[in-house]
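Text of input-v2.txt (compact mmCIF, C-alpha atoms) as supplied:
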# COMPACT_ATOMS: atom_id res chain seq x y z
CA MET E 1 152.70 -41.22 -186.00
CA LEU E 2 152.58 -44.99 -185.50
CA LYS E 3 155.50 -44.81 -183.09
CA PHE E 4 153.74 -42.02 -181.18
CA LEU E 5 150.58 -44.12 -180.89
CA GLN E 6 152.65 -47.11 -179.75
CA VAL E 7 154.25 -45.05 -176.99
CA PHE E 8 150.84 -43.67 -176.04
CA GLY E 9 149.44 -47.22 -175.81
CA LEU E 10 152.43 -48.32 -173.76
CA GLY E 11 151.81 -45.38 -171.43
CA ILE E 12 148.21 -46.52 -170.84
CA LEU E 13 149.43 -50.11 -170.32
CA TYR E 14 152.04 -49.03 -167.78
CA VAL E 15 149.47 -46.95 -165.87
CA VAL E 16 147.08 -49.93 -165.74
CA LEU E 17 149.84 -52.35 -164.68
CA SER E 18 151.64 -49.96 -162.31
CA PRO E 19 149.96 -51.34 -159.11
CA PHE E 20 151.30 -54.80 -159.99
CA PHE E 21 154.79 -53.41 -160.68
CA VAL E 22 154.77 -51.61 -157.34
CA LEU E 23 153.55 -54.76 -155.58
CA ILE E 24 156.30 -56.88 -157.18
CA LEU E 25 158.92 -54.27 -156.28
CA ALA E 26 157.67 -54.12 -152.68
CA LEU E 27 157.79 -57.91 -152.37
CA TYR E 28 161.30 -57.97 -153.78
CA VAL E 29 162.40 -55.21 -151.38
CA VAL E 30 161.28 -57.40 -148.46
CA PHE E 31 162.82 -60.52 -150.01
CA THR E 32 166.18 -58.84 -150.70
CA ALA E 33 166.22 -57.37 -147.17
CA VAL E 34 165.92 -60.93 -145.83
CA ILE E 35 168.74 -62.02 -148.18
CA MET E 36 170.91 -59.13 -146.95
CA VAL E 37 170.43 -60.09 -143.30
CA TYR E 38 170.99 -63.80 -144.07
CA LEU E 39 174.18 -63.14 -146.03
CA PHE E 40 175.41 -60.74 -143.35
CA PHE E 41 175.22 -63.43 -140.66
CA LYS E 42 176.64 -66.02 -143.05
CA MET E 43 179.56 -63.68 -143.79
CA ILE E 44 180.29 -63.30 -140.06
CA ILE E 45 180.17 -67.06 -139.47
CA LEU E 46 182.39 -67.72 -142.49
CA PHE E 47 184.81 -65.01 -141.34
CA PHE E 48 185.36 -66.75 -137.99
CA ALA E 49 185.71 -70.05 -139.82
CA GLY E 50 188.54 -68.49 -141.86
CA LYS E 51 186.55 -68.42 -145.09
CA ASN E 52 185.32 -65.70 -147.41
CA LEU E 53 181.72 -65.22 -148.52
CA PHE E 54 182.88 -63.79 -151.83
CA GLY E 55 185.36 -66.57 -152.56
CA ASP E 56 185.14 -68.63 -155.73
CA LEU E 57 182.45 -71.27 -156.04
CA PRO E 58 183.58 -74.85 -156.85
CA GLU E 59 182.19 -74.31 -160.35
CA ASP E 60 184.36 -71.20 -160.79
CA ILE E 61 187.50 -73.13 -159.77
CA LYS E 62 186.67 -75.96 -162.17
CA ALA E 63 186.01 -73.54 -165.04
CA ARG E 64 189.28 -71.70 -164.39
CA GLU E 65 191.21 -74.98 -164.41
CA ILE E 66 189.70 -75.91 -167.77
CA LEU E 67 190.48 -72.48 -169.22
CA ASP E 68 194.06 -72.66 -167.90
CA GLN E 69 194.53 -76.09 -169.45
CA GLN E 70 193.31 -74.82 -172.80
CA LYS E 71 195.60 -71.82 -172.56
CA GLN E 72 198.61 -74.02 -171.76
CA LEU E 73 197.74 -76.37 -174.63
CA ARG E 74 197.58 -73.48 -177.07
CA GLN E 75 200.91 -72.13 -175.80
CA ALA E 76 202.53 -75.58 -176.16
CA GLN E 77 201.21 -75.88 -179.72
CA ALA E 78 202.50 -72.42 -180.57
CA MET E 79 205.96 -73.27 -179.13
CA ALA E 80 206.11 -76.58 -181.07
CA TYR E 81 205.21 -74.73 -184.23
CA GLN E 82 207.95 -72.12 -183.67
CA GLN E 83 210.60 -74.78 -182.88
CA ALA E 84 209.79 -76.66 -186.10
CA GLY E 85 210.98 -73.69 -188.15
CA PRO E 86 209.55 -72.53 -191.48
CA LEU E 87 207.22 -74.86 -193.31
CA PRO E 88 208.62 -76.89 -196.22
CA PRO E 89 207.01 -76.66 -199.64
CA PHE E 90 203.37 -77.40 -200.04
CA GLY E 91 202.38 -81.00 -199.38
CA TYR E 92 205.00 -81.77 -196.70
CA GLY E 93 204.74 -81.63 -192.93
CA PRO E 94 207.04 -79.78 -190.51
CA GLN E 95 209.58 -82.65 -190.44
CA GLY E 96 209.65 -82.97 -194.21
CA GLN E 97 207.59 -86.16 -194.37
CA PRO E 98 204.81 -86.28 -196.94
CA GLN E 99 201.39 -85.68 -195.56
CA PRO E 100 197.97 -85.78 -197.13
CA VAL E 101 197.12 -82.39 -198.43
CA ILE E 102 193.51 -83.20 -199.14
CA ASN E 103 191.17 -84.72 -196.64
CA HIS E 104 190.36 -87.88 -198.59
CA VAL E 105 187.31 -88.64 -196.52
CA GLU E 106 185.62 -85.62 -197.97
CA VAL E 107 186.64 -86.36 -201.57
CA LYS E 108 184.06 -88.24 -203.54
CA GLU E 109 185.01 -90.19 -206.65
CA ILE E 110 183.12 -89.38 -209.78
CA GLN E 111 182.68 -91.43 -212.91
CA ALA E 112 185.11 -89.83 -215.31
CA ALA E 113 185.09 -90.73 -218.99
CA PRO E 114 186.62 -89.09 -222.07
CA LEU E 115 184.38 -86.72 -223.94
CA PRO E 116 182.77 -88.21 -227.04
CA GLU E 117 184.15 -87.19 -230.42
CA LYS E 118 182.21 -84.58 -232.35
CA ASP E 119 181.38 -87.06 -235.11
CA GLU E 120 179.94 -89.49 -232.62
CA VAL E 121 177.71 -86.81 -231.23
CA ASP E 122 176.43 -85.94 -234.69
CA LYS E 123 175.57 -89.59 -235.36
CA MET N 1 114.39 -38.01 -172.98
CA PHE N 2 117.10 -36.37 -175.00
CA PHE N 3 119.66 -34.24 -173.26
CA LEU N 4 121.79 -32.14 -175.53
CA ILE N 5 124.95 -30.49 -174.29
CA LYS N 6 125.72 -27.13 -175.71
CA LEU N 7 129.42 -26.40 -175.75
CA THR N 8 130.67 -22.87 -175.89
CA GLU N 9 133.86 -22.01 -177.73
CA ASN N 10 135.63 -21.70 -174.38
CA ASP N 11 134.48 -25.21 -173.31
CA LYS N 12 135.79 -26.70 -176.56
CA ARG N 13 139.18 -25.09 -175.99
CA ILE N 14 139.34 -26.43 -172.46
CA ILE N 15 138.41 -29.95 -173.60
CA ILE N 16 141.08 -29.91 -176.31
CA ALA N 17 143.68 -28.61 -173.86
CA LEU N 18 142.77 -31.31 -171.32
CA LEU N 19 142.96 -34.02 -174.00
CA ILE N 20 146.37 -32.84 -175.18
CA ILE N 21 147.65 -32.77 -171.60
CA LEU N 22 146.26 -36.29 -171.00
CA ILE N 23 147.88 -37.66 -174.17
CA LEU N 24 151.21 -36.02 -173.32
CA VAL N 25 151.11 -37.49 -169.80
CA PHE N 26 150.53 -41.00 -171.18
CA VAL N 27 153.27 -40.56 -173.79
CA LEU N 28 155.64 -39.36 -171.07
CA ILE N 29 154.79 -42.40 -168.93
CA GLY N 30 155.33 -44.61 -172.00
CA TYR N 31 158.81 -43.17 -172.59
CA LEU N 32 159.60 -43.49 -168.88
CA GLY N 33 158.60 -47.17 -168.97
CA MET N 34 160.74 -47.76 -172.06
CA LEU N 35 163.69 -46.09 -170.36
CA ILE N 36 163.30 -48.29 -167.27
CA LYS N 37 163.05 -51.37 -169.50
CA ARG N 38 166.29 -50.44 -171.31
CA ILE N 39 168.06 -49.86 -168.01
CA MET N 40 166.89 -53.27 -166.77
CA VAL N 41 168.13 -54.98 -169.96
CA PHE N 42 171.51 -53.31 -169.41
CA GLN N 43 171.55 -54.39 -165.75
CA ALA N 44 170.58 -57.96 -166.67
CA HIS N 45 173.66 -58.44 -168.84
CA ARG N 46 175.75 -58.61 -165.68
CA ALA N 47 174.30 -62.12 -165.23
CA ASP N 48 175.76 -63.11 -168.60
CA THR N 49 179.17 -61.85 -167.50
CA PHE N 50 179.31 -63.99 -164.37
CA MET N 51 177.88 -67.11 -166.06
CA TYR N 52 179.86 -66.95 -169.34
CA ASP N 53 182.96 -68.94 -168.31
CA LEU N 54 180.87 -71.60 -166.61
CA VAL N 55 178.81 -72.11 -169.77
CA ILE N 56 181.62 -72.18 -172.35
CA THR N 57 183.62 -74.68 -170.26
CA LYS N 58 180.44 -76.77 -169.80
CA VAL N 59 180.85 -76.77 -166.02
CA VAL N 60 177.14 -76.12 -165.68
CA GLU N 61 175.43 -79.15 -167.10
CA ASN N 62 171.71 -78.50 -167.04
CA PRO N 63 169.15 -75.72 -166.53
CA HIS N 64 168.69 -76.57 -162.86
CA HIS N 65 172.45 -76.33 -162.21
CA PHE N 66 172.56 -73.05 -164.17
CA ARG N 67 169.80 -71.54 -162.03
CA LYS N 68 171.39 -72.77 -158.79
CA VAL N 69 174.81 -71.26 -159.54
CA GLY N 70 173.21 -68.14 -161.04
CA ARG N 71 171.11 -67.59 -157.92
CA LYS N 72 174.15 -67.88 -155.62
CA LYS N 73 176.14 -65.41 -157.69
CA ASN N 74 173.16 -63.06 -157.97
CA TRP N 75 172.68 -62.99 -154.19
CA ARG N 76 176.37 -62.30 -153.65
CA LEU N 77 176.34 -59.48 -156.18
CA LEU N 78 173.27 -57.97 -154.51
CA PHE N 79 175.05 -58.06 -151.16
CA LYS N 80 178.20 -56.52 -152.64
CA GLN N 81 176.25 -53.72 -154.34
CA SER N 82 173.76 -53.02 -151.56
CA TRP N 83 175.67 -53.10 -148.29
CA ILE N 84 176.43 -49.36 -148.47
CA PRO N 85 172.80 -48.19 -149.08
CA PHE N 86 171.59 -50.76 -146.55
CA LEU N 87 174.06 -49.35 -144.02
CA ILE N 88 172.92 -45.78 -144.82
CA LEU N 89 169.31 -46.79 -144.18
CA LEU N 90 170.21 -48.49 -140.90
CA VAL N 91 172.35 -45.56 -139.74
CA SER N 92 169.62 -43.01 -140.55
CA ALA N 93 166.97 -45.06 -138.74
CA ALA N 94 169.29 -45.60 -135.76
CA PHE N 95 170.08 -41.88 -135.68
CA LEU N 96 166.39 -40.89 -135.59
CA ILE N 97 165.48 -43.46 -132.94
CA THR N 98 168.47 -42.41 -130.81
CA TYR N 99 167.50 -38.72 -131.10
CA MET N 100 163.89 -39.45 -130.23
CA GLY N 101 165.04 -41.52 -127.27
CA ILE N 102 167.42 -38.84 -125.94
CA SER N 103 165.01 -35.92 -126.46
CA GLY N 104 162.00 -37.93 -125.31
CA ASN N 105 160.07 -36.63 -128.32
CA TRP N 106 158.59 -39.83 -129.69
CA ASN N 107 156.02 -37.88 -131.76
CA LEU N 108 158.61 -36.25 -134.02
CA ASP N 109 157.02 -35.55 -137.41
CA VAL N 110 159.68 -35.48 -140.13
CA PHE N 111 157.15 -33.84 -142.53
CA ASP N 112 156.05 -31.03 -140.20
CA TYR N 113 156.37 -27.56 -141.82
CA GLY N 114 155.51 -25.28 -138.89
CA VAL N 115 152.86 -22.59 -138.75
CA GLY N 116 152.99 -19.49 -140.95
CA SER N 117 156.57 -20.09 -142.15
CA VAL N 118 157.88 -20.16 -138.58
CA GLY N 119 159.23 -23.10 -136.62
CA GLY N 120 158.47 -26.70 -137.56
CA GLU N 121 160.48 -29.83 -136.96
CA GLY N 122 160.22 -31.52 -140.34
CA PHE N 123 162.17 -31.62 -143.59
CA THR N 124 159.29 -29.91 -145.45
CA THR N 125 160.20 -26.57 -143.80
CA LEU N 126 162.63 -26.26 -146.74
CA PHE N 127 159.86 -26.26 -149.36
CA PHE N 128 156.78 -24.33 -150.42
CA ILE N 129 153.68 -25.93 -148.92
CA PHE N 130 150.43 -25.26 -150.76
CA ASP N 131 146.96 -25.43 -149.26
CA PHE N 132 145.33 -27.56 -151.95
CA ALA N 133 142.21 -28.08 -149.82
CA ASN N 134 141.37 -24.38 -150.18
CA ALA N 135 142.49 -23.93 -153.77
CA PRO N 136 140.19 -21.91 -156.05
CA ARG N 137 137.90 -24.29 -157.92
CA SER N 138 135.36 -24.04 -160.71
CA ASP N 139 132.79 -26.49 -162.00
CA PHE N 140 133.29 -28.02 -165.43
CA PHE N 141 130.48 -30.36 -166.55
CA GLY N 142 129.72 -31.10 -162.91
CA ILE N 143 133.36 -31.82 -162.10
CA SER N 144 135.09 -29.51 -159.63
CA LEU N 145 138.54 -28.65 -161.03
CA VAL N 146 141.38 -26.60 -159.53
CA SER N 147 141.36 -23.35 -161.47
CA GLY N 148 144.19 -21.38 -159.88
CA TRP N 149 147.20 -21.43 -157.62
CA PRO N 150 146.34 -22.56 -154.07
CA PRO N 151 147.27 -20.30 -151.12
CA ILE N 152 150.70 -20.88 -149.56
CA LEU N 153 150.75 -22.44 -146.11
CA SER N 154 154.50 -22.23 -145.58
CA ASN N 155 157.46 -20.59 -147.31
CA PRO N 156 160.90 -22.26 -147.32
CA HIS N 157 162.73 -21.48 -144.08
CA LEU N 158 165.36 -22.98 -141.81
CA SER N 159 164.17 -24.19 -138.43
CA ALA N 160 166.59 -24.98 -135.60
CA THR N 161 164.31 -27.65 -134.17
CA ALA N 162 164.19 -29.47 -137.52
CA TRP N 163 167.91 -30.40 -137.68
CA PRO N 164 167.31 -34.12 -136.96
CA SER N 165 164.90 -34.22 -139.91
CA TYR N 166 167.47 -32.44 -142.10
CA VAL N 167 169.90 -35.25 -141.33
CA PHE N 168 167.48 -38.17 -141.42
CA VAL N 169 165.36 -37.46 -144.51
CA PRO N 170 168.17 -36.89 -147.09
CA LEU N 171 170.10 -39.91 -145.77
CA PHE N 172 167.00 -42.08 -145.86
CA LEU N 173 166.04 -40.88 -149.35
CA VAL N 174 169.51 -41.50 -150.79
CA GLY N 175 169.71 -44.93 -149.16
CA SER N 176 166.20 -45.88 -150.32
CA LEU N 177 166.71 -44.82 -153.92
CA TRP N 178 170.12 -46.49 -154.14
CA TYR N 179 168.70 -49.68 -152.65
CA LEU N 180 165.66 -49.62 -154.98
CA VAL N 181 167.93 -49.35 -158.03
CA ASN N 182 169.88 -52.36 -156.77
CA VAL N 183 166.68 -54.32 -156.18
CA GLN N 184 165.59 -53.45 -159.72
CA ALA N 185 168.93 -54.79 -161.02
CA PHE N 186 168.45 -57.91 -158.90
CA ILE N 187 165.00 -58.52 -160.46
CA ALA N 188 166.44 -57.98 -163.96
CA ARG N 189 169.29 -60.46 -163.35
CA SER N 190 166.95 -63.05 -161.79
CA TYR N 191 164.72 -62.90 -164.86
CA ARG N 192 167.71 -63.13 -167.20
CA ILE N 193 169.06 -66.18 -165.34
CA LEU N 194 165.65 -67.87 -165.61
CA ILE N 195 165.43 -67.20 -169.35
CA GLN N 196 169.04 -68.09 -170.15
CA SER N 197 168.90 -71.32 -168.12
CA LYS N 198 166.35 -72.59 -170.64
CA LYS N 199 167.80 -70.96 -173.74
CA VAL N 200 171.42 -72.08 -173.30
CA PHE N 201 170.49 -75.76 -173.10
CA GLU N 202 167.76 -75.62 -175.70
CA LYS N 203 167.98 -78.10 -178.59
CA ARG N 204 166.05 -77.29 -181.74
CA LEU N 205 165.22 -79.57 -184.65
CA ASP N 206 164.36 -76.72 -187.03
CA ASN N 207 167.46 -77.15 -189.19
CA TYR N 208 168.03 -80.84 -188.50
CA ASP N 209 168.78 -83.00 -191.53
CA ALA N 210 168.51 -86.76 -190.91
CA THR N 211 170.85 -87.47 -193.85
CA LYS N 212 173.63 -85.47 -192.18
CA ASN N 213 173.42 -86.84 -188.67
CA PRO N 214 176.93 -86.52 -187.17
CA LEU N 215 176.34 -89.63 -185.06
CA ASP N 216 175.85 -91.87 -188.11
CA PRO N 217 178.80 -94.17 -188.98
CA PRO N 218 180.91 -92.88 -191.91
CA LEU N 219 180.28 -94.29 -195.35
CA PRO N 220 182.79 -96.95 -196.43
CA ASN N 221 185.43 -95.88 -198.97
CA VAL N 222 184.63 -97.78 -202.17

What does the file become when written as structure tokens?
Amino acid sequence: MLKFLQVFGLGILYVVLSPFFVLILALYVVFTAVIMVYLFFKMIILFFAGKNLFGDLPEDIKAREILDQQKQLRQAQAMAYQQAGPLPPFGYGPQGQPQPVINHVEVKEIQAAPLPEKDEVDK
Amino acid sequence: MFFLIKLTENDKRIIIALLIILILVFVLIGYLGMLIKRIMVFQAHRADTFMYDLVITKVVENPHHFRKVGRKKNWRLLFKQSWIPFLILLVSAAFLITYMGISGNWNLDVFDYGVGSVGGEGFTTLFFIFDFANAPRSDFFGISLVSGWPPILSNPHLSATAWPSYVFVPLFLVGSLWYLVNVQAFIARSYRILIQSKKVFEKRLDNYDATKNPLDPPLPNV
């Protein structure tokens, strides 16, 4: 019932606001028609200049270069990993040299002391 | 002065029927609006597709740059999507003007339906035309309401003189609707670009913890 009332309210709202929607749409139709004509002439000029209107933007080229670099880096890492062969036992790197297993920066020292004897606790 | 309205059983039925029809019309408009909104949300996601790579590689650096690149791509997409309907509209208009020029009939009415289901030079010769001005009416609380089917002015028929309208009107309608859908998508994408240009670069301090600032120097190992 609540949903039905919501839709009913929306219907009233849309009817009230419909002149504004139509006005916005009409303005955009005119605006986009101007864009169409502008881009049409731009396309013709670019065509005779040997360029393409739908070519990549400088930002697209830059982004593709970055993505290609990342892809190549990942491939190189994967190849290096395959060439190194199977991993040695836990705690050693690909070449067999010892390497830190735990990230010591993250390890915090705690004050460790032996547990008190039961008698001492009773006292 | 008190004026009391006495409603008959028939009046009550009519009022209830009118109310139900009114409510159903508003509900229908509500659902139609929700459908259009969903379609626009779907259309707007195209803006995310063409801006995604630029954002994840951090090629676009600020909201202004985002909007600038987004606008260029949006305009190009509009042109790509709309050149066919735009061409259809231009061709249909050129066809009609050329016909009117050749025939010398500059008063061609594309909505003319002829007289008595004969002749006519408009597209409406293909439809029933009702005479709503002379429809049977009855008064209901001082309001004159249509209370029956209006007389028919014209039955559907083919007219040889209406062939230019048969070509022009369907072409123009198809081109217009297609172009309007594309304009709607353009509006949806423009709005999405505006919103995302702010949202993507937004920095919030809601979950910020000053004790865990990543820019602070690390604690010395004691």

* **Residue neighbourhood segment 14-30 of chain E, 10 Å, all atoms listed in the file, exclusion window fewer than 5 positions, as a VMD selection string** => (chain E and resid 8 to 9 35 to 36) or (chain N and resid 26 29 to 30 32 to 34 179 to 180 182 to 184 186 to 187)

* To do: Excluding segment 53-66 of chain N and any residue of its chain fewer than 3 positions from it, enumerate the residues within 7 Å of it, using all atoms listed in the file, and give them as a list of chain:residue names.
  => E:Glu59, E:Asp60, E:Ala63, E:Ile66, N:Val69, N:Gly70, N:Ser197, N:Lys198, N:Phe201

* Counting only C-alpha atoms, what is within 8 Å of segment 101-112 of chain N, bar same-chain residues fewer than 3 positions away, as a list in words? -> Ile97, Thr98, Gly120, Glu121, Gly122, Phe123, Thr124, Thr125, Ala162, Ser165 and Val169 of chain N

* Asked: Neighbours of segment 9-20 of chain N within 12 Å (all atoms listed in the file; same-chain residues fewer than 3 positions away dropped), as number ranges by chain?
  -> E: 8; N: 5-6, 23-27, 139-141, 145, 147

* Find the residue from N:Trp178, N:Tyr52, N:Phe130, N:Tyr113 that sits nearest to Leu89 of chain N; use only C-alpha atoms when measuring. =>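 So, comparing all the options, the nearest one is N:Trp178.
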
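With atom CA of Leu22 of chain N on one side and atom CA of Val7 of chain E on the other, the separation reads 13.3 Å.
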
* What residues have an atom no more than 12 Å from (145.3, -26.7, -151.4) in the file's own frame, counting all atoms listed in the file, and can you write them as a list in words? ->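 In the file's frame, the residues around the point are Phe128, Ile129, Phe130, Asp131, Phe132, Ala133, Asn134, Ala135, Pro136, Arg137, Leu145, Val146, Ser147, Gly148, Trp149, Pro150, Pro151, Ile152, Leu153 and Ser154 of chain N.
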
Preceding selection exported with C-alpha atoms as a PDB file, keeping the file's coordinate frame:
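Contents of selection-v3.pdb, freshly written:
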ATOM      1  CA  PHE N 128     156.780 -24.330-150.420  1.00  0.00           C
ATOM      2  CA  ILE N 129     153.680 -25.930-148.920  1.00  0.00           C
ATOM      3  CA  PHE N 130     150.430 -25.260-150.760  1.00  0.00           C
ATOM      4  CA  ASP N 131     146.960 -25.430-149.260  1.00  0.00           C
ATOM      5  CA  PHE N 132     145.330 -27.560-151.950  1.00  0.00           C
ATOM      6  CA  ALA N 133     142.210 -28.080-149.820  1.00  0.00           C
ATOM      7  CA  ASN N 134     141.370 -24.380-150.180  1.00  0.00           C
ATOM      8  CA  ALA N 135     142.490 -23.930-153.770  1.00  0.00           C
ATOM      9  CA  PRO N 136     140.190 -21.910-156.050  1.00  0.00           C
ATOM     10  CA  ARG N 137     137.900 -24.290-157.920  1.00  0.00           C
ATOM     11  CA  LEU N 145     138.540 -28.650-161.030  1.00  0.00           C
ATOM     12  CA  VAL N 146     141.380 -26.600-159.530  1.00  0.00           C
ATOM     13  CA  SER N 147     141.360 -23.350-161.470  1.00  0.00           C
ATOM     14  CA  GLY N 148     144.190 -21.380-159.880  1.00  0.00           C
ATOM     15  CA  TRP N 149     147.200 -21.430-157.620  1.00  0.00           C
ATOM     16  CA  PRO N 150     146.340 -22.560-154.070  1.00  0.00           C
ATOM     17  CA  PRO N 151     147.270 -20.300-151.120  1.00  0.00           C
ATOM     18  CA  ILE N 152     150.700 -20.880-149.560  1.00  0.00           C
ATOM     19  CA  LEU N 153     150.750 -22.440-146.110  1.00  0.00           C
ATOM     20  CA  SER N 154     154.500 -22.230-145.580  1.00  0.00           C
TER      21      SER N 154
END

* What is the atom CA of Tyr31 of chain N to atom CA of Gln6 of chain E distance in Å? ->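 Taking atom CA of Tyr31 of chain N and atom CA of Gln6 of chain E, their separation equals 10.2 Å.
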
* **All residues 12 Å or closer to His45 of chain N, all atoms listed in the file, same chain fewer than 5 positions away omitted, as a list in words** =>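 My reading of the contact set: Arg38, Ile39, Met40, Phe50, Met51, Tyr52, Asn74, Ala185, Phe186, Ala188, Arg189, Ser190, Tyr191, Arg192, Ile193 and Gln196 of chain N.
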
* Structure fact -> Closest of N:Asp48, N:Ala160, N:Ile21, N:Val181 to Val200 of chain N, counting all atoms listed in the file, is N:Asp48

* To do: Counting all atoms listed in the file, write as a PyMOL selection string all protein and nucleic acid residues lying at most 12 Å from (178.0, -59.1, -144.0) in the file's frame.
  => (chain E and resi 35-47+52-54) or (chain N and resi 76+78-84+86-87)

* Asked: Out of N:Arg46, N:Lys73, N:Arg67, N:Lys212, which residue has the shortest atom-to-atom distance to chain E when counting only C-alpha atoms?
  -> N:Lys73

* Separation of atom CA of Asn155 of chain N from atom CA of Val115 of chain N, in Å and rounded to one decimal -> 9.9 Å

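Distance check against chain N using only C-alpha atoms: of E:Ile12, E:Lys51, E:Pro114, E:Ala84, the minimum falls on E:Ile12.
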